[in-house]
$ cat work14.txt   # compact mmCIF, C-alpha atoms
# COMPACT_ATOMS: atom_id res chain seq x y z
CA MET A 692 -95.76 14.45 -118.43
CA SER A 693 -99.54 14.54 -117.75
CA PHE A 694 -100.10 18.10 -119.00
CA THR A 695 -100.65 18.91 -122.66
CA PHE A 696 -100.20 22.62 -123.28
CA LEU A 697 -102.76 23.65 -125.91
CA ASN A 698 -102.74 27.46 -126.12
CA GLN A 699 -101.09 30.39 -124.41
CA LEU A 700 -103.84 32.66 -123.14
CA PRO A 701 -103.83 36.41 -123.74
CA THR A 702 -102.98 38.48 -120.68
CA PRO A 703 -105.67 40.44 -118.81
CA ALA A 704 -104.19 43.66 -120.19
CA GLN A 705 -104.57 42.39 -123.77
CA ILE A 706 -108.20 41.36 -123.25
CA LYS A 707 -109.02 44.67 -121.54
CA GLU A 708 -107.47 46.62 -124.38
CA GLU A 709 -109.58 44.74 -126.93
CA TYR A 710 -112.78 44.95 -124.84
CA PRO A 711 -112.47 48.09 -122.70
CA LEU A 712 -114.96 49.46 -120.18
CA SER A 713 -116.02 52.98 -121.11
CA LYS A 714 -115.30 55.96 -118.89
CA GLU A 715 -119.01 56.37 -118.18
CA LEU A 716 -119.40 52.78 -117.02
CA THR A 717 -116.18 52.99 -115.01
CA GLU A 718 -117.66 55.92 -113.11
CA LEU A 719 -120.90 53.99 -112.62
CA LYS A 720 -118.99 51.06 -111.16
CA ALA A 721 -117.09 53.33 -108.76
CA LYS A 722 -120.38 54.76 -107.53
CA ARG A 723 -121.95 51.34 -107.08
CA ASP A 724 -118.84 49.96 -105.36
CA ALA A 725 -118.97 52.82 -102.86
CA MET A 726 -122.66 52.19 -102.08
CA ILE A 727 -122.10 48.47 -101.54
CA SER A 728 -119.02 49.17 -99.41
CA ASP A 729 -121.06 51.50 -97.22
CA VAL A 730 -123.62 48.75 -96.63
CA ILE A 731 -120.94 46.22 -95.63
CA CYS A 732 -119.29 48.79 -93.34
CA GLY A 733 -122.58 49.75 -91.68
CA LYS A 734 -122.65 53.32 -93.03
CA ASP A 735 -125.73 52.64 -95.19
CA ASP A 736 -128.74 50.69 -93.89
CA ARG A 737 -129.95 49.55 -97.29
CA PHE A 738 -130.28 45.83 -97.96
CA LEU A 739 -128.28 43.93 -100.60
CA VAL A 740 -130.06 41.49 -102.92
CA ILE A 741 -127.64 39.44 -105.03
CA ILE A 742 -129.94 37.76 -107.52
CA GLY A 743 -129.70 35.94 -110.83
CA PRO A 744 -129.19 32.62 -112.57
CA CYS A 745 -127.16 29.78 -111.13
CA SER A 746 -124.91 29.95 -114.18
CA ALA A 747 -124.69 32.69 -116.83
CA ASP A 748 -125.05 30.34 -119.76
CA ASN A 749 -126.16 32.63 -122.60
CA GLU A 750 -125.34 36.30 -123.17
CA ASP A 751 -128.69 37.32 -124.66
CA SER A 752 -130.91 35.74 -122.00
CA VAL A 753 -128.64 36.76 -119.12
CA CYS A 754 -128.54 40.40 -120.24
CA ASP A 755 -132.30 40.29 -120.83
CA TYR A 756 -132.79 39.06 -117.26
CA VAL A 757 -130.44 41.64 -115.76
CA SER A 758 -132.18 44.46 -117.66
CA ARG A 759 -135.51 43.39 -116.16
CA LEU A 760 -134.09 44.21 -112.73
CA THR A 761 -133.48 47.85 -113.64
CA ASN A 762 -137.03 49.08 -113.03
CA ILE A 763 -137.26 47.08 -109.81
CA GLN A 764 -134.04 48.69 -108.60
CA GLU A 765 -135.46 52.13 -109.33
CA ASP A 766 -138.62 51.29 -107.38
CA VAL A 767 -136.70 50.23 -104.26
CA LYS A 768 -133.53 52.30 -104.52
CA ASP A 769 -133.95 53.93 -101.11
CA ARG A 770 -134.11 50.56 -99.29
CA VAL A 771 -132.47 47.91 -101.50
CA ILE A 772 -129.36 47.61 -103.68
CA ILE A 773 -129.73 44.92 -106.34
CA ILE A 774 -126.56 43.18 -107.52
CA PRO A 775 -127.25 40.87 -110.47
CA ARG A 776 -125.59 37.47 -110.43
CA VAL A 777 -123.63 36.92 -113.64
CA TYR A 778 -121.77 33.75 -112.71
CA THR A 779 -119.50 32.80 -115.59
CA ASN A 780 -117.78 29.86 -113.88
CA LYS A 781 -119.61 26.77 -112.70
CA PRO A 782 -118.00 24.70 -109.92
CA ARG A 783 -118.54 20.97 -110.29
CA THR A 784 -118.41 18.57 -107.36
CA THR A 785 -116.92 15.74 -109.42
CA GLY A 786 -115.30 17.84 -112.15
CA GLU A 787 -117.77 16.51 -114.73
CA GLY A 788 -120.32 18.60 -116.62
CA TYR A 789 -120.71 22.15 -117.89
CA LYS A 790 -118.16 24.43 -116.22
CA GLY A 791 -119.55 27.77 -117.32
CA ILE A 792 -119.24 30.20 -120.20
CA ALA A 793 -115.68 31.17 -119.22
CA SER A 794 -114.55 27.63 -120.03
CA GLN A 795 -117.09 26.62 -122.64
CA PRO A 796 -118.83 29.55 -124.36
CA ASP A 797 -121.00 27.12 -126.32
CA PRO A 798 -122.22 24.25 -124.08
CA GLU A 799 -122.64 22.04 -127.13
CA LYS A 800 -119.08 22.49 -128.39
CA ALA A 801 -115.65 21.72 -127.03
CA PRO A 802 -114.12 23.95 -124.34
CA ASP A 803 -112.33 27.06 -125.62
CA MET A 804 -110.62 29.06 -122.90
CA VAL A 805 -109.59 31.99 -125.07
CA GLU A 806 -113.08 32.51 -126.44
CA GLY A 807 -114.42 31.89 -122.94
CA LEU A 808 -112.42 34.77 -121.46
CA ILE A 809 -113.70 37.04 -124.22
CA ALA A 810 -117.30 35.86 -123.76
CA MET A 811 -117.05 36.39 -120.01
CA ARG A 812 -115.85 39.98 -120.38
CA LYS A 813 -118.29 40.86 -123.18
CA MET A 814 -121.25 39.58 -121.16
CA HIS A 815 -120.35 41.61 -118.08
CA ILE A 816 -119.82 44.81 -120.08
CA ARG A 817 -123.09 44.39 -121.94
CA ALA A 818 -125.01 43.68 -118.73
CA ILE A 819 -123.70 46.87 -117.13
CA ALA A 820 -124.34 48.98 -120.24
CA GLU A 821 -127.92 47.75 -120.74
CA SER A 822 -129.06 47.68 -117.11
CA GLY A 823 -126.99 50.31 -115.34
CA LEU A 824 -126.23 47.67 -112.69
CA THR A 825 -122.76 46.30 -111.97
CA CYS A 826 -122.75 42.61 -111.16
CA ALA A 827 -121.45 39.77 -109.04
CA ASP A 828 -119.47 36.73 -110.16
CA GLU A 829 -117.94 33.73 -108.42
CA MET A 830 -114.16 33.50 -108.43
CA LEU A 831 -113.62 29.85 -109.23
CA TYR A 832 -110.15 30.42 -110.72
CA PRO A 833 -108.07 33.06 -108.89
CA GLU A 834 -105.81 33.58 -111.89
CA ASN A 835 -108.81 34.88 -113.91
CA TRP A 836 -109.41 37.83 -111.61
CA GLY A 837 -107.48 40.27 -113.78
CA TYR A 838 -109.85 39.72 -116.71
CA VAL A 839 -112.87 41.08 -114.79
CA GLU A 840 -111.45 43.09 -111.87
CA ASP A 841 -112.58 46.39 -113.42
CA LEU A 842 -116.13 45.07 -113.99
CA LEU A 843 -117.34 43.40 -110.79
CA SER A 844 -118.88 45.01 -107.72
CA TYR A 845 -119.17 41.77 -105.74
CA VAL A 846 -117.21 38.52 -105.69
CA ALA A 847 -118.28 35.22 -104.14
CA ILE A 848 -115.92 32.46 -103.04
CA GLY A 849 -117.72 29.12 -103.20
CA ALA A 850 -118.06 26.41 -100.59
CA ARG A 851 -115.50 24.19 -102.31
CA SER A 852 -112.95 27.00 -102.71
CA VAL A 853 -113.16 28.78 -99.37
CA GLU A 854 -110.58 26.54 -97.67
CA ASP A 855 -108.05 27.02 -100.47
CA GLN A 856 -105.13 29.27 -99.53
CA GLN A 857 -104.72 30.80 -102.99
CA HIS A 858 -108.35 31.93 -103.02
CA ARG A 859 -108.00 33.50 -99.59
CA LEU A 860 -104.77 35.29 -100.47
CA THR A 861 -106.11 36.52 -103.80
CA VAL A 862 -109.20 38.01 -102.14
CA SER A 863 -106.88 39.94 -99.82
CA GLY A 864 -105.94 42.02 -102.86
CA PHE A 865 -109.51 42.89 -103.89
CA ASP A 866 -111.09 46.28 -103.30
CA VAL A 867 -114.72 45.16 -103.67
CA ALA A 868 -117.13 43.32 -101.37
CA SER A 869 -116.21 39.63 -101.25
CA GLY A 870 -118.36 36.91 -99.71
CA MET A 871 -116.75 33.75 -98.32
CA LYS A 872 -119.25 30.90 -98.21
CA ASN A 873 -119.26 28.35 -95.45
CA PRO A 874 -117.68 25.07 -96.65
CA THR A 875 -119.94 22.18 -97.59
CA SER A 876 -119.31 20.74 -94.11
CA GLY A 877 -120.92 23.86 -92.63
CA ASP A 878 -117.99 24.67 -90.31
CA PHE A 879 -118.31 28.32 -89.23
CA SER A 880 -114.71 28.37 -88.00
CA VAL A 881 -113.34 27.52 -91.45
CA MET A 882 -115.49 30.26 -92.99
CA LEU A 883 -114.45 32.88 -90.42
CA ASN A 884 -110.79 31.91 -90.76
CA SER A 885 -111.08 32.60 -94.49
CA VAL A 886 -112.47 36.06 -93.70
CA TYR A 887 -109.60 36.70 -91.31
CA ALA A 888 -107.06 35.61 -93.92
CA ALA A 889 -108.58 37.75 -96.67
CA GLN A 890 -108.85 40.84 -94.47
CA HIS A 891 -105.14 40.81 -93.67
CA PRO A 892 -102.09 41.59 -95.87
CA HIS A 893 -100.08 38.83 -97.54
CA HIS A 894 -96.93 38.15 -99.55
CA PHE A 895 -97.25 35.36 -102.15
CA VAL A 896 -96.93 34.28 -105.79
CA TYR A 897 -99.67 35.30 -108.24
CA ARG A 898 -99.67 34.74 -112.01
CA GLY A 899 -95.88 34.37 -112.12
CA TYR A 900 -95.17 37.44 -109.94
CA GLU A 901 -94.10 37.93 -106.36
CA VAL A 902 -96.84 40.18 -104.92
CA GLU A 903 -97.99 41.87 -101.74
CA THR A 904 -101.58 42.71 -100.80
CA SER A 905 -102.97 45.12 -98.23
CA GLY A 906 -105.98 43.07 -97.12
CA ASN A 907 -109.65 43.43 -98.03
CA PRO A 908 -111.77 44.90 -95.21
CA LEU A 909 -114.97 44.22 -97.21
CA THR A 910 -114.59 40.43 -96.90
CA HIS A 911 -117.55 38.83 -95.11
CA VAL A 912 -119.41 35.52 -94.77
CA VAL A 913 -122.14 33.88 -96.84
CA LEU A 914 -124.30 31.20 -95.22
CA ARG A 915 -125.45 28.58 -97.75
CA GLY A 916 -126.32 25.57 -95.62
CA ALA A 917 -124.30 22.37 -95.41
CA VAL A 918 -124.23 18.64 -96.01
CA SER A 919 -123.75 16.24 -93.11
CA LYS A 920 -121.48 13.21 -93.13
CA HIS A 921 -124.55 11.15 -93.93
CA GLY A 922 -125.31 13.21 -97.02
CA ASN A 923 -128.26 15.09 -95.52
CA THR A 924 -128.66 18.82 -96.04
CA THR A 925 -128.64 21.06 -92.99
CA THR A 926 -129.67 24.72 -92.84
CA ASN A 927 -127.87 27.63 -91.18
CA TYR A 928 -130.12 30.66 -91.67
CA HIS A 929 -132.27 30.34 -88.54
CA TYR A 930 -132.28 32.70 -85.56
CA GLU A 931 -129.99 30.56 -83.42
CA ASP A 932 -127.52 30.12 -86.31
CA LEU A 933 -127.24 33.86 -86.78
CA ILE A 934 -126.84 34.53 -83.06
CA ARG A 935 -124.07 31.92 -82.90
CA LEU A 936 -122.37 33.48 -85.92
CA HIS A 937 -122.55 36.92 -84.28
CA GLU A 938 -120.93 35.54 -81.12
CA MET A 939 -118.15 33.84 -83.10
CA TYR A 940 -117.55 36.98 -85.15
CA ASP A 941 -117.01 38.95 -81.93
CA LYS A 942 -114.08 36.69 -81.04
CA MET A 943 -112.30 37.26 -84.37
CA ASP A 944 -109.80 40.01 -85.17
CA VAL A 945 -111.80 41.24 -88.15
CA VAL A 946 -113.66 44.40 -89.11
CA ASN A 947 -117.05 45.05 -90.70
CA GLN A 948 -118.93 42.03 -89.39
CA ALA A 949 -121.40 41.13 -92.13
CA ALA A 950 -123.28 38.13 -93.46
CA ILE A 951 -125.23 37.38 -96.62
CA ILE A 952 -127.80 34.57 -96.52
CA ASP A 953 -127.85 32.28 -99.55
CA THR A 954 -131.48 31.21 -99.78
CA ASN A 955 -130.79 28.29 -102.12
CA HIS A 956 -128.28 25.41 -102.14
CA SER A 957 -128.37 23.43 -98.90
CA ASN A 958 -130.47 26.04 -97.13
CA SER A 959 -133.40 25.25 -99.44
CA GLY A 960 -132.43 21.67 -100.16
CA LYS A 961 -132.29 22.92 -103.78
CA LYS A 962 -136.09 23.35 -103.71
CA PHE A 963 -136.09 26.76 -105.30
CA LYS A 964 -139.56 27.89 -104.21
CA GLU A 965 -138.45 27.56 -100.59
CA GLN A 966 -136.36 30.70 -101.13
CA ILE A 967 -139.42 32.89 -100.52
CA ARG A 968 -140.05 31.32 -97.13
CA ILE A 969 -136.38 31.50 -96.18
CA ALA A 970 -136.18 35.18 -97.15
CA LYS A 971 -139.25 35.88 -95.00
CA GLU A 972 -137.75 34.16 -91.97
CA VAL A 973 -134.45 36.03 -92.32
CA MET A 974 -136.27 39.37 -92.56
CA HIS A 975 -138.39 38.45 -89.55
CA ASN A 976 -135.31 37.59 -87.48
CA ARG A 977 -133.75 40.94 -88.38
CA GLN A 978 -136.77 42.54 -86.74
CA LEU A 979 -136.46 40.38 -83.62
CA SER A 980 -132.76 41.01 -82.93
CA SER A 981 -130.70 44.17 -83.33
CA ASP A 982 -127.57 41.98 -83.48
CA ILE A 983 -128.98 40.01 -86.41
CA LYS A 984 -130.18 43.17 -88.12
CA SER A 985 -126.72 44.71 -87.95
CA LEU A 986 -125.07 41.44 -89.05
CA VAL A 987 -127.25 40.32 -91.98
CA LYS A 988 -126.66 42.72 -94.85
CA GLY A 989 -128.48 40.92 -97.63
CA LEU A 990 -129.71 37.84 -99.44
CA MET A 991 -128.28 35.77 -102.28
CA ILE A 992 -131.05 34.36 -104.50
CA GLU A 993 -131.05 32.18 -107.61
CA SER A 994 -133.54 33.07 -110.36
CA TYR A 995 -133.86 33.34 -114.13
CA ILE A 996 -136.42 34.16 -116.83
CA GLU A 997 -138.09 30.74 -116.98
CA GLU A 998 -138.89 28.45 -114.09
CA GLY A 999 -137.08 25.12 -113.86
CA SER A 1000 -133.88 23.80 -115.38
CA GLN A 1001 -132.87 22.38 -118.71
CA LYS A 1002 -130.38 19.92 -120.08
CA ILE A 1003 -127.73 20.89 -122.61
CA GLY A 1004 -129.28 20.94 -126.06
CA GLU A 1005 -132.85 21.81 -125.04
CA HIS A 1006 -132.48 25.49 -126.05
CA VAL A 1007 -135.05 26.98 -123.66
CA TYR A 1008 -134.46 30.74 -123.65
CA GLY A 1009 -133.64 32.04 -120.19
CA GLN A 1010 -134.13 28.78 -118.32
CA HIS A 1011 -131.63 27.42 -115.88
CA ARG A 1012 -133.21 27.85 -112.52
CA TYR A 1013 -136.21 30.17 -112.61
CA TYR A 1014 -137.22 33.79 -112.80
CA ARG A 1015 -140.83 34.45 -113.64
CA TRP A 1016 -142.35 32.98 -110.49
CA LEU A 1017 -139.73 34.31 -108.13
CA CYS A 1018 -139.33 37.79 -109.55
CA HIS A 1019 -143.09 38.41 -109.49
CA HIS A 1020 -143.44 37.33 -105.91
CA TYR A 1021 -140.17 38.76 -104.71
CA LYS A 1022 -141.09 42.16 -106.11
CA LEU A 1023 -144.03 42.04 -103.76
CA GLY A 1024 -141.52 41.29 -101.05
CA PHE A 1025 -139.53 44.39 -101.99
CA GLN A 1026 -142.73 46.45 -101.71
CA SER A 1027 -143.46 44.93 -98.35
CA PHE A 1028 -139.93 45.66 -97.15
CA HIS A 1029 -140.34 49.21 -98.41
CA ALA A 1030 -143.48 49.83 -96.41
CA GLY A 1031 -142.18 47.91 -93.41
CA ALA A 1032 -139.11 50.12 -93.33
CA GLY A 1033 -141.29 53.15 -92.71
CA ARG A 1034 -141.88 54.55 -96.17
CA GLN A 1035 -144.87 56.91 -96.08
CA ASP A 1036 -145.57 58.01 -99.63
CA GLY A 1037 -149.08 56.69 -100.19
CA PRO A 1038 -152.51 56.49 -98.56
CA PRO A 1039 -152.42 54.53 -95.27
CA ASP A 1040 -154.89 51.93 -96.57
CA GLN A 1041 -152.62 51.22 -99.55
CA LEU A 1042 -149.57 50.95 -97.33
CA ARG A 1043 -151.45 48.43 -95.21
CA ARG A 1044 -152.02 46.32 -98.31
CA THR A 1045 -148.31 45.80 -98.97
CA ALA A 1046 -147.70 42.40 -97.42
CA LEU A 1047 -145.08 39.82 -98.27
CA CYS A 1048 -146.63 37.41 -100.77
CA THR A 1049 -146.26 33.70 -100.09
CA ASP A 1050 -146.30 30.52 -102.10
CA GLY A 1051 -149.69 29.87 -100.54
CA GLY A 1052 -151.06 32.33 -103.07
CA GLN A 1053 -152.68 34.81 -100.69
CA LEU A 1054 -151.86 38.46 -100.06
CA PHE A 1055 -152.83 39.82 -96.64
CA HIS A 1056 -154.36 43.29 -96.53
CA ARG A 1057 -156.41 45.58 -94.29
CA GLN A 1058 -159.93 46.61 -95.20
CA PRO A 1059 -159.81 50.45 -94.94
CA GLN A 1060 -163.19 50.88 -93.25
CA SER A 1061 -163.39 47.98 -90.84
CA GLY A 1062 -159.69 47.68 -90.06
CA ARG A 1063 -160.06 43.90 -90.26
CA GLU A 1064 -157.39 41.77 -91.86
CA GLN A 1065 -158.54 39.66 -94.82
CA PRO A 1066 -156.70 37.45 -97.28
CA GLU A 1067 -156.82 38.58 -100.91
CA ARG A 1068 -156.77 35.79 -103.47
CA HIS A 1069 -154.35 36.25 -106.36
CA GLY A 1070 -153.12 32.79 -107.28
CA SER A 1071 -153.52 29.12 -106.53
CA GLY A 1072 -150.14 28.15 -105.04
CA ARG A 1073 -149.84 25.63 -102.23
CA PRO A 1074 -149.94 25.73 -98.41
CA ASP A 1075 -146.69 26.62 -96.70
CA ARG A 1076 -145.37 25.34 -93.38
CA LEU A 1077 -147.04 25.99 -90.08
CA CYS A 1078 -145.52 27.44 -86.92
CA THR A 1079 -142.03 26.15 -86.06
CA ASP A 1080 -140.56 25.32 -82.69
CA ARG A 1081 -138.32 28.34 -83.06
CA GLY A 1082 -141.30 30.62 -82.54
CA VAL A 1083 -140.81 32.21 -85.92
CA HIS A 1084 -144.38 32.47 -87.08
CA ASP A 1085 -146.67 35.00 -88.66
CA ASP A 1086 -148.64 37.13 -86.21
CA ALA A 1087 -151.56 39.30 -87.17
CA VAL A 1088 -151.03 43.00 -86.54
CA PRO A 1089 -151.63 43.59 -82.79
CA SER A 1090 -154.00 46.49 -83.42
CA ALA A 1091 -156.25 44.21 -85.48
CA GLY A 1092 -156.84 41.97 -82.48
CA LEU A 1093 -156.54 38.79 -84.53
CA PRO A 1094 -154.77 35.63 -83.34
CA CYS A 1095 -151.82 34.01 -85.01
CA MET A 1096 -153.07 32.05 -88.01
CA TYR A 1097 -150.36 29.45 -87.46
CA CYS A 1098 -151.56 28.57 -83.98
CA THR A 1099 -155.29 28.66 -84.79
CA GLY A 1100 -155.20 27.18 -88.29
CA TRP A 1101 -157.49 29.97 -89.57
CA SER A 1102 -156.85 31.18 -93.08
CA GLY A 1103 -160.01 33.05 -94.09
CA GLY A 1104 -160.03 31.06 -97.31
CA SER A 1105 -159.93 27.57 -98.71
CA ASN A 1106 -156.24 26.96 -97.92
CA ALA A 1107 -156.23 26.50 -94.15
CA GLY A 1108 -152.79 27.11 -92.71
CA VAL A 1109 -151.52 29.19 -95.64
CA ARG A 1110 -148.69 31.37 -94.43
CA PHE A 1111 -148.99 35.14 -94.32
CA ARG A 1112 -148.05 38.16 -92.23
CA LEU A 1113 -147.55 41.87 -92.32
CA LEU A 1114 -143.97 42.96 -91.77
CA PRO A 1115 -143.34 44.94 -88.57
CA GLY A 1116 -143.80 48.64 -89.14
CA VAL A 1117 -146.52 48.31 -91.79
$ encode --input "work14.txt" --output "structure tokens"
Amino acid sequence: MSFTFLNQLPTPAQIKEEYPLSKELTELKAKRDAMISDVICGKDDRFLVIIGPCSADNEDSVCDYVSRLTNIQEDVKDRVIIIPRVYTNKPRTTGEGYKGIASQPDPEKAPDMVEGLIAMRKMHIRAIAESGLTCADEMLYPENWGYVEDLLSYVAIGARSVEDQQHRLTVSGFDVASGMKNPTSGDFSVMLNSVYAAQHPHHFVYRGYEVETSGNPLTHVVLRGAVSKHGNTTTNYHYEDLIRLHEMYDKMDVVNQAAIIDTNHSNSGKKFKEQIRIAKEVMHNRQLSSDIKSLVKGLMIESYIEEGSQKIGEHVYGQHRYYRWLCHHYKLGFQSFHAGAGRQDGPPDQLRRTALCTDGGQLFHRQPQSGREQPERHGSGRPDRLCTDRGVHDDAVPSAGLPCMYCTGWSGGSNAGVRFRLLPGV
């Protein structure tokens, strides 16, 4: 026989009894779940931002990162709901490599599933307690759901798992928002079929029991880009992709049409700084189309405390993907979104200054007296892309009477062609 049975794992009930969630945090989770549900169902027009490290590799640095989001959440609470990513399982394309803290709580030691389950639960509880934010995790192993089902406010099903029947059926028993990613092939039909399956009731075997589920109406799609048969990455966050998705959704017998855009993975070609540009384009398209605005409920972003990635054994605190660069700039994006959504709680000239920062390192603002638009230098950065054939480019505010910088090449500074714009409504 090929299997060697090493240890019998404790049941979810045993782990929960040893590491319980307090009554106060249980009430907090119920409140957060309701808010997120209202966004998915279209009852709340706030925007979801699911953000955090690619893999939750270390309890101290992950909880440190999540706690840093608390003040940002308070600043944008009327327009944005932040859901920290605390991903304790790491899918591997070939099966080789670090599989996450749930399997290997110490990356430099042998796997230990029992200690991994404990580490997974302890990390989630600590993150909630220290930040006041309930989190998201990826369900790589359906049988592990019971160990964290009282902790999570969002569950993602990855591109390699979304076609698996057991994942689909297990999600049908969840009562929290659950995002089904498009498969690595990019097939929208496969993704939408997984939503259909998870939204409907089922009768199946789960953890040694015969069970029935009622269906999960909060199941929706996550667009993460794809890989072609030639191994090239292809994107699926553009205007035409979202319109096509909306049309396909309309033909499905599902409720609560919703999509989250994953700004990394194949959408960015794993070039993490591209996430800023992708987020900008998605927000712009929501302004262009009421169908896209009603469909796209949020973004999924990878970030961490330190920029870049590390190999096992390097011991860089809070480094897996990045945080410092992205969080600084993306906070500016939150401010821009705030003002663009019609917030009027400051002097008009200050509201005009809140523009979405770019990796070109310039912040666009209005001079209060002249009304002219000028770039404000705040960092070096690098030029971004110019106008695309999709017509998604950055126009100056009509009242300023300035042409599109993309089409003219004017930048008002040393970086000709640097991307900028004010969000509609500013």
$ atom_distance --input "work14.txt" --atom1 "atom CA of Ser863 of chain A" --atom2 "atom CA of Cys826 of chain A"
19.7 Å
$ closest_residue --input "work14.txt" --among "A:Val740, A:Tyr928, A:Gln890, A:Ser994" --to "His975 of chain A" --atoms "all atoms listed in the file"
A:Tyr928
$ atom_distance --input "work14.txt" --atom1 "atom CA of Thr825 of chain A" --atom2 "atom CA of Ser869 of chain A"
14.2 Å
$ closest_residue --input "work14.txt" --among "A:Glu854, A:Asp797, A:Asp755, A:Glu821" --to "Ile996 of chain A" --atoms "all atoms listed in the file"
A:Asp755
$ residues_near_point --input "work14.txt" --point "(-111.0, 33.6, -101.0)" --cutoff "9 Å" --atoms "all atoms listed in the file" --output "mmCIF file with C-alpha atoms, in the frame of the given file"
data_model
loop_
_atom_site.group_PDB
_atom_site.id
_atom_site.type_symbol
_atom_site.label_atom_id
_atom_site.label_comp_id
_atom_site.auth_asym_id
_atom_site.auth_seq_id
_atom_site.Cartn_x
_atom_site.Cartn_y
_atom_site.Cartn_z
ATOM 1 C CA MET A 830 -114.160 33.500 -108.430
ATOM 2 C CA PRO A 833 -108.070 33.060 -108.890
ATOM 3 C CA ALA A 847 -118.280 35.220 -104.140
ATOM 4 C CA ILE A 848 -115.920 32.460 -103.040
ATOM 5 C CA GLY A 849 -117.720 29.120 -103.200
ATOM 6 C CA SER A 852 -112.950 27.000 -102.710
ATOM 7 C CA VAL A 853 -113.160 28.780 -99.370
ATOM 8 C CA GLU A 854 -110.580 26.540 -97.670
ATOM 9 C CA ASP A 855 -108.050 27.020 -100.470
ATOM 10 C CA GLN A 856 -105.130 29.270 -99.530
ATOM 11 C CA GLN A 857 -104.720 30.800 -102.990
ATOM 12 C CA HIS A 858 -108.350 31.930 -103.020
ATOM 13 C CA ARG A 859 -108.000 33.500 -99.590
ATOM 14 C CA LEU A 860 -104.770 35.290 -100.470
ATOM 15 C CA THR A 861 -106.110 36.520 -103.800
ATOM 16 C CA VAL A 862 -109.200 38.010 -102.140
ATOM 17 C CA SER A 863 -106.880 39.940 -99.820
ATOM 18 C CA SER A 869 -116.210 39.630 -101.250
ATOM 19 C CA GLY A 870 -118.360 36.910 -99.710
ATOM 20 C CA MET A 871 -116.750 33.750 -98.320
ATOM 21 C CA SER A 885 -111.080 32.600 -94.490
ATOM 22 C CA VAL A 886 -112.470 36.060 -93.700
ATOM 23 C CA ALA A 888 -107.060 35.610 -93.920
ATOM 24 C CA ALA A 889 -108.580 37.750 -96.670
ATOM 25 C CA THR A 910 -114.590 40.430 -96.900
#
$ closest_residue --input "work14.txt" --among "A:His815, A:Arg783, A:Arg935, A:Lys714" --to "Asn749 of chain A" --atoms "all atoms listed in the file"
A:His815
$ closest_residue --input "work14.txt" --among "A:Arg851, A:Arg723, A:His929, A:Asp803" --to "Glu972 of chain A" --atoms "all atoms listed in the file"
A:His929
